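J.: Quick one: the structure is below, and I'll ask about it shortly.
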Amino acid sequence: MAEQESAAAGGPASAVPPVRPHPVRPPSARPPSARPPSARLPSARLPSIGLPRAVIALAGAVVAVLLAVSPWYGYHRDELYFRMLGERPRLGYFDTPPLTPMIARLSTAVFGDTVVALRIVPALCAGTLVLLAALIARELSTRELSTRDLDAGRAAQVLAAAGTAGAVLPLIAGHSLLTLTPDLVLWLAVTLCLLRVLLRGDGRYWLWTGLLAGIASYNRDLIVLLLACAGLGLLVTGPREVLRDRRLWLGALLALAIASPNLVYQVTHDWPQLQMAEALRADEGADNRIAFVPLQILLLGPPQAVVCVAGWLRLWRDRRVRSLALAYPVACALVLLSGGRPDYTGAFLLYLFAAGCVTAAGWRRRTVLVVALAANAVVAVVLALPVVPAASLAGTPVAAINEVARESVGMRDLAAQVGQVVGTLPADERAGAVLLAGNYGEAGALRRWAGDFGLPAVYSGHNELWWWGPPPEGTRVAVSVGYPPGRLRTVFADCSVAGTVTGMPGEEQGVPITVCRDPLRPWRDLWPLARHYS
């Protein structure tokens with residue numbers, strides 16, 4: 001070819017022989033070791049495949065349904081607690097970082113002090129989860145830059161959105177303001193950024209990963225679980241070349257800078273999150289281990305669990321994203337070892353499901369999967385949302401399975417029943433009385449409806465509330481909710497049970513309401529006895 005070009009240019013008549021260039025192999029013929037890092041990873045430019053309208057519609061429908069049912073039942077005990085914590089803004093609390101309490105504070109300040117106001121952000125988070133699941137499916141279905149089936153890619157996105165919208169865990173997290181609520185969104189967003197680093201070779205997403213991880217640390221420090229498992233996966237399975245990108249370390253520094261106030265709080269308060277983790281392990285660890293494997297199937301639903309298996313296999317077969325496949329079993333092992341809650345792996349299941357939808361979109365009997373997902377969505381709505389009438393909830397499978405549902409009924413009634421007992425006190429005792437709450441849910445309820453039922457100040461030795469201090473010295477009368485009367489009689493001169501809480505499908509059912517008089521020691525000496533974490 002070079003000789004023909006030379007002849008055409010009069011080359012043979014030249015006294016200088018033509019220069020023969022070294023043969024250049026096409027990029028596809030180069031050995032892998034000879035390719036530069038940018039060639040070993042896909043280009044950052046992907047085909048323009050927007051989210052299908054069905055995905056947008058599903059996300060909007062989820063938000064609308066969750067907002068519609070948000071006033072049903074009532075506040076969950078955690079919501080009442082976060083509302084109470086939000087009244088005292090801090091960089092951290094003993095049992096939780098500040099993000100969720102701050103969401104509660106902002107929600108009540110902007111939208112009003114109602115249960116609906118607290119649930120606007122969770123509903124939006126659930127809709128965002130649907131979009132993120134579809135985006136992850138999109139990322140994985142546009143891996144091959146030469147040829148692709150656009151219809152299958154859109155089908156994968158719709159399947160991922162529909163399966164997420166009709167899964168138990170996202171609906172529970174979207175109905176109530178829990179620490180789980182922002183966690184799922186932030187974790188799935190981090191996963192999407194990791195996929196864009198691994199599949200597109202776009203190191204800019206390391207910076208986004210750092211930003212999101214830093215923000216997530218203000219909700220729960222568990223974001224370390226996702227990052228550590230994914231990092232271990234990269235070290236073990238590769239591609240290790242992405243670890244040489246300086247933007248990875250810039251992202252890590254960004255995450256550390258954002259999280260540093262939270263870390264300072266932990267260091268200066270003797271690592272309260274580790275103390276809480278140990279308390280939870282001792283209190284719930286055995287039950288969590290027993291429930292772990294069944295809940296890995298039920299957190300999303302049995303049809304989604306089947307697709308998760310397909311997703312794990314899809315990730316494992318692709319070296320570029322094999323690290324995310326390895327991350328899930330490593331996370332499971334760590335959660336089991338520590339006795340953590342089974343839902344700590346919820347975000348892992350969601351990205352595995354989205355990955356599996358890419359495979360499932362090509363199944364011949366995809367209709368069977370669609371029908372199964374639809375049936376699961378009906379069951380998920382009944383289990384996760386306040387569909388069963390509150391008066392009939394106790395004793396149903398929903399109350400047995402969904403602790404969020406059973407702990408969302410009757411909290412106002414609890415405050416009303418305590419108010420009735422307070423109302424029976426003589427006027428001089430009522431003026432100087434205080435309330436003692438056995439747990440943060442009771443304390444939050446008594447605080448929320450104090451004005452409605454004429455309740456005095458509430459104190460509790462549970463978690464963060466213990467750090468708020470004891471009642472004032474000189475307080476003679478305390479109305480206790482939840483503390484065992486026998487224990488109270490050891491520290492007060494006189495205690496009498498004035499009633500028990502009724503009409504509650506959860507753990508508050510039957511707790512005693514006790515009127516105690518004349519503490520035997522100063523409150524500052526009694527307060528250490530009230531401290532408990534769970």
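All residue names refer to the structure tokens as shown: chains lettered A, B, ... in order, residues numbered from 1 in each chain, ligands numbered from 1 in order.
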Extract, using only C-alpha atoms, all DNA, RNA and protein residues at most 12 Å from Leu195 (chain A), discarding same-chain residues fewer than 4 positions from it, and format them as an MDAnalysis selection string.

T.: chainID A and resid 41:42 44 135:143 188:191 199:206 208:209 230 242 315 318 320:325 351 355

J.: Just list as an mmCIF file with C-alpha atoms, in the first residue's frame whatever in region 39-154 of chain A DSSP marks as alpha helix (DSSP H).

T.:
```cif
data_model
loop_
_atom_site.group_PDB
_atom_site.id
_atom_site.type_symbol
_atom_site.label_atom_id
_atom_site.label_comp_id
_atom_site.auth_asym_id
_atom_site.auth_seq_id
_atom_site.Cartn_x
_atom_site.Cartn_y
_atom_site.Cartn_z
ATOM 1 C CA ALA A 39 -8.637 1.953 25.970
ATOM 2 C CA ARG A 40 -9.124 -0.877 28.419
ATOM 3 C CA ARG A 53 -41.973 7.445 30.037
ATOM 4 C CA ALA A 54 -43.254 4.380 31.875
ATOM 5 C CA VAL A 55 -40.396 4.735 34.369
ATOM 6 C CA ILE A 56 -41.251 8.381 35.040
ATOM 7 C CA ALA A 57 -44.912 7.430 35.408
ATOM 8 C CA LEU A 58 -44.093 4.643 37.875
ATOM 9 C CA ALA A 59 -41.966 6.967 39.997
ATOM 10 C CA GLY A 60 -44.735 9.575 40.024
ATOM 11 C CA ALA A 61 -47.346 6.957 40.892
ATOM 12 C CA VAL A 62 -45.305 5.741 43.864
ATOM 13 C CA VAL A 63 -44.969 9.266 45.220
ATOM 14 C CA ALA A 64 -48.683 9.943 44.733
ATOM 15 C CA VAL A 65 -49.788 6.721 46.443
ATOM 16 C CA LEU A 66 -47.454 7.233 49.386
ATOM 17 C CA LEU A 67 -48.641 10.796 49.901
ATOM 18 C CA ALA A 68 -52.263 9.651 49.668
ATOM 19 C CA VAL A 69 -51.876 7.067 52.446
ATOM 20 C CA ARG A 77 -42.305 5.820 67.052
ATOM 21 C CA ASP A 78 -39.047 6.675 65.228
ATOM 22 C CA GLU A 79 -40.723 9.645 63.548
ATOM 23 C CA LEU A 80 -41.794 11.001 66.933
ATOM 24 C CA TYR A 81 -38.238 10.543 68.191
ATOM 25 C CA PHE A 82 -36.655 12.277 65.195
ATOM 26 C CA ARG A 83 -39.152 15.110 65.544
ATOM 27 C CA MET A 84 -38.078 15.465 69.182
ATOM 28 C CA LEU A 85 -34.350 15.347 68.353
ATOM 29 C CA GLY A 86 -34.852 17.922 65.619
ATOM 30 C CA LEU A 99 -29.450 14.021 58.934
ATOM 31 C CA THR A 100 -32.784 12.319 59.619
ATOM 32 C CA PRO A 101 -33.626 14.519 62.655
ATOM 33 C CA MET A 102 -32.807 17.562 60.513
ATOM 34 C CA ILE A 103 -35.127 16.307 57.781
ATOM 35 C CA ALA A 104 -37.821 16.034 60.451
ATOM 36 C CA ARG A 105 -37.147 19.573 61.672
ATOM 37 C CA LEU A 106 -37.160 21.094 58.190
ATOM 38 C CA SER A 107 -40.274 19.157 57.187
ATOM 39 C CA THR A 108 -42.277 20.379 60.163
ATOM 40 C CA ALA A 109 -40.955 23.925 59.731
ATOM 41 C CA VAL A 110 -41.853 24.078 56.027
ATOM 42 C CA PHE A 111 -44.937 21.880 55.747
ATOM 43 C CA VAL A 115 -47.560 13.330 60.153
ATOM 44 C CA VAL A 116 -48.150 14.138 56.471
ATOM 45 C CA ALA A 117 -45.420 16.790 56.600
ATOM 46 C CA LEU A 118 -42.899 14.283 57.920
ATOM 47 C CA ILE A 120 -43.283 14.163 52.106
ATOM 48 C CA VAL A 121 -39.524 13.581 51.943
ATOM 49 C CA PRO A 122 -39.853 9.778 52.337
ATOM 50 C CA ALA A 123 -42.363 9.666 49.467
ATOM 51 C CA LEU A 124 -39.991 11.648 47.249
ATOM 52 C CA CYS A 125 -37.150 9.337 48.269
ATOM 53 C CA ALA A 126 -39.188 6.304 47.184
ATOM 54 C CA GLY A 127 -39.827 7.884 43.795
ATOM 55 C CA THR A 128 -36.113 8.624 43.486
ATOM 56 C CA LEU A 129 -35.318 4.980 44.259
ATOM 57 C CA VAL A 130 -37.487 3.911 41.334
ATOM 58 C CA LEU A 131 -35.567 6.250 39.013
ATOM 59 C CA LEU A 132 -32.182 5.137 40.349
ATOM 60 C CA ALA A 133 -33.017 1.467 39.832
ATOM 61 C CA ALA A 134 -33.950 2.232 36.221
ATOM 62 C CA LEU A 135 -30.754 4.246 35.729
ATOM 63 C CA ILE A 136 -28.657 1.335 37.012
ATOM 64 C CA ALA A 137 -30.428 -1.000 34.582
ATOM 65 C CA ARG A 138 -29.799 1.538 31.824
ATOM 66 C CA GLU A 139 -26.117 1.705 32.707
ATOM 67 C CA LEU A 140 -25.745 -2.056 32.546
ATOM 68 C CA SER A 141 -27.851 -2.504 29.408
ATOM 69 C CA LEU A 150 -32.726 -0.690 22.448
ATOM 70 C CA ASP A 151 -36.107 -2.305 23.091
ATOM 71 C CA ALA A 152 -34.565 -4.771 25.530
ATOM 72 C CA GLY A 153 -32.729 -1.913 27.241
ATOM 73 C CA ARG A 154 -35.965 0.007 27.738
#
```

J.: What's the 9 Å shell around Glu403 (chain A), counting only C-alpha atoms, without same-chain residues fewer than 5 positions away, as a PyMOL selection string?

T.: chain A and resi 398+408+506

J.: Tell me, as number ranges by chain, which residues lie within 10 Å of Gly432 (chain A), counting only C-alpha atoms; anything in the same chain fewer than 5 positions away does not count.

T.: A: 427, 456-457, 472, 474-478

J.: Return as a VMD selection string the full set of residues in region 272-459 of chain A whose backbone-based DSSP assignment is strand (DSSP E or B).

T.: chain A and resid 434 to 437 458 to 459

J.: Considering only C-alpha atoms, can you say which of A:Ala331, A:Met411, A:Leu337, A:Ala405 comes closest to Gly233 (chain A)?

T.: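 Nearest to Gly233 (chain A): A:Ala331.
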
J.: Which residues of region 423-516 of chain A have any atom within 10 Å of an atom in region 384-391 of chain A when counting only C-alpha atoms, and what is the closest pair of atoms for each, with the distance in Å to one decimal? Order the rows by chain and rising number and write it as JSON lines.

T.:
```
{"residue": "A:Gly503", "atom": "CA", "partner": "A:Ala391", "partner_atom": "CA", "distance": 8.3}
{"residue": "A:Met504", "atom": "CA", "partner": "A:Ala391", "partner_atom": "CA", "distance": 9.3}
{"residue": "A:Pro505", "atom": "CA", "partner": "A:Ala390", "partner_atom": "CA", "distance": 8.8}
```

J.: Take the residues from that selection and put them in a file with N, CA, C and O atoms, as a PDB file, in the first residue's frame.

T.:
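Contents of part-v4.pdb, freshly written:
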```pdb
ATOM      1  N   GLY A 503     -54.998  -0.822  73.583  1.00  0.00           N
ATOM      2  CA  GLY A 503     -55.313  -0.474  72.202  1.00  0.00           C
ATOM      3  C   GLY A 503     -54.112  -0.344  71.301  1.00  0.00           C
ATOM      4  O   GLY A 503     -54.192   0.285  70.234  1.00  0.00           O
ATOM      5  N   MET A 504     -52.987  -0.939  71.685  1.00  0.00           N
ATOM      6  CA  MET A 504     -51.747  -0.834  70.910  1.00  0.00           C
ATOM      7  C   MET A 504     -51.391  -2.198  70.333  1.00  0.00           C
ATOM      8  O   MET A 504     -51.305  -3.176  71.074  1.00  0.00           O
ATOM      9  N   PRO A 505     -51.168  -2.304  69.011  1.00  0.00           N
ATOM     10  CA  PRO A 505     -50.786  -3.592  68.432  1.00  0.00           C
ATOM     11  C   PRO A 505     -49.317  -3.929  68.613  1.00  0.00           C
ATOM     12  O   PRO A 505     -48.893  -5.051  68.348  1.00  0.00           O
TER      13      PRO A 505
END
```

J.: Near Gly346 (chain A), counting only C-alpha atoms, which residues have an atom at most 8 Å away, once you skip same-chain residues fewer than 5 positions from it, shown as a PyMOL selection string?

T.: chain A and resi 169+184+299

J.: My list of candidates is A:Leu225, A:Gly395, A:Leu455, A:Leu383. Which is closest to Leu425 (chain A) when distances are computed with only C-alpha atoms?

T.: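 Under the stated criterion, the closest residue is A:Leu455.
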
J.: Considering only C-alpha atoms, can you say which of A:Val381, A:Ala437, A:Val422, A:Leu222 comes closest to Ala498 (chain A)?

T.: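 Using only C-alpha atoms, the shortest distance to Ala498 (chain A) belongs to A:Val422.
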
J.: For Val434 (chain A), which residue out of A:Phe453, A:Tyr459, A:Trp312, A:Trp363 is the nearest one, using only C-alpha atoms?

T.: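 Under the stated criterion, the closest residue is A:Tyr459.
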
J.: Which distance in Å separates CA of Met276 (chain A) and CA of Phe94 (chain A), to one decimal?

T.: 7.9 Å

J.: Between A:Pro97, A:Gly301, A:Gly163, A:Gly454, which one has atoms that come closest to Ala431 (chain A), using only C-alpha atoms?

T.: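 Distance minimum relative to Ala431 (chain A) lands on A:Gly454.
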
J.: Given the choices A:Cys193, A:Ala286, A:Leu207, A:Val515, which gets closest to Leu250 (chain A) if the distance is worked out from only C-alpha atoms?

T.: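 Selected residue with least distance to Leu250 (chain A): A:Leu207.
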
J.: Within 10 Å of Gly340 (chain A), counting only C-alpha atoms, which residues show up once you throw out same-chain ones fewer than 4 positions away? Write them as a ChimeraX atom specification, please.

T.: /A:277-278,280-281,284-289,292,332,334-336,344-345

J.: Give me a file of those residues, with N, CA, C and O atoms, as a short mmCIF file (atom, residue, chain, number, x, y, z; two decimals), in the first residue's frame.

T.:
```cif
data_model
loop_
_atom_site.label_atom_id
_atom_site.label_comp_id
_atom_site.auth_asym_id
_atom_site.auth_seq_id
_atom_site.Cartn_x
_atom_site.Cartn_y
_atom_site.Cartn_z
N ALA A 277 -23.87 0.08 68.42
CA ALA A 277 -23.78 -1.17 67.65
C ALA A 277 -23.63 -2.36 68.59
O ALA A 277 -24.25 -3.42 68.39
N GLU A 278 -22.83 -2.20 69.64
CA GLU A 278 -22.66 -3.28 70.60
C GLU A 278 -23.96 -3.54 71.37
O GLU A 278 -24.33 -4.69 71.63
N LEU A 280 -27.02 -2.97 70.30
CA LEU A 280 -27.96 -3.62 69.38
C LEU A 280 -27.58 -5.07 69.14
O LEU A 280 -28.46 -5.94 69.02
N ARG A 281 -26.27 -5.34 69.08
CA ARG A 281 -25.84 -6.72 68.89
C ARG A 281 -26.27 -7.59 70.07
O ARG A 281 -26.77 -8.71 69.91
N GLU A 284 -30.44 -7.55 69.94
CA GLU A 284 -31.17 -8.10 68.81
C GLU A 284 -30.34 -9.03 67.93
O GLU A 284 -30.86 -9.59 66.96
N GLY A 285 -29.05 -9.19 68.24
CA GLY A 285 -28.16 -9.91 67.34
C GLY A 285 -28.61 -11.31 67.01
O GLY A 285 -28.61 -11.73 65.83
N ALA A 286 -29.04 -12.10 68.01
CA ALA A 286 -29.45 -13.48 67.77
C ALA A 286 -30.68 -13.54 66.86
O ALA A 286 -30.73 -14.34 65.91
N ASP A 287 -31.67 -12.69 67.12
CA ASP A 287 -32.88 -12.67 66.29
C ASP A 287 -32.55 -12.23 64.87
O ASP A 287 -33.12 -12.75 63.90
N ASN A 288 -31.66 -11.25 64.74
CA ASN A 288 -31.30 -10.76 63.41
C ASN A 288 -30.63 -11.86 62.58
O ASN A 288 -30.87 -11.98 61.38
N ARG A 289 -29.80 -12.66 63.22
CA ARG A 289 -29.12 -13.74 62.48
C ARG A 289 -30.12 -14.79 62.02
O ARG A 289 -30.00 -15.34 60.92
N PHE A 292 -32.08 -13.37 59.04
CA PHE A 292 -31.32 -12.77 57.95
C PHE A 292 -31.61 -13.40 56.60
O PHE A 292 -31.99 -12.71 55.64
N CYS A 332 -23.00 -9.54 53.44
CA CYS A 332 -23.83 -10.48 54.20
C CYS A 332 -23.02 -11.09 55.35
O CYS A 332 -23.52 -11.21 56.48
N LEU A 334 -20.42 -9.83 56.91
CA LEU A 334 -20.15 -8.83 57.94
C LEU A 334 -21.38 -8.53 58.77
O LEU A 334 -21.30 -8.37 60.00
N VAL A 335 -22.55 -8.45 58.12
CA VAL A 335 -23.79 -8.18 58.86
C VAL A 335 -24.12 -9.35 59.79
O VAL A 335 -24.52 -9.15 60.95
N LEU A 336 -23.97 -10.56 59.30
CA LEU A 336 -24.22 -11.73 60.14
C LEU A 336 -23.25 -11.79 61.32
O LEU A 336 -23.64 -12.08 62.45
N TYR A 344 -29.79 -4.04 56.39
CA TYR A 344 -28.55 -3.33 56.07
C TYR A 344 -28.06 -3.67 54.67
O TYR A 344 -27.26 -2.92 54.09
N THR A 345 -28.49 -4.80 54.12
CA THR A 345 -28.09 -5.17 52.75
C THR A 345 -29.13 -4.76 51.72
O THR A 345 -29.05 -5.18 50.57
#
```
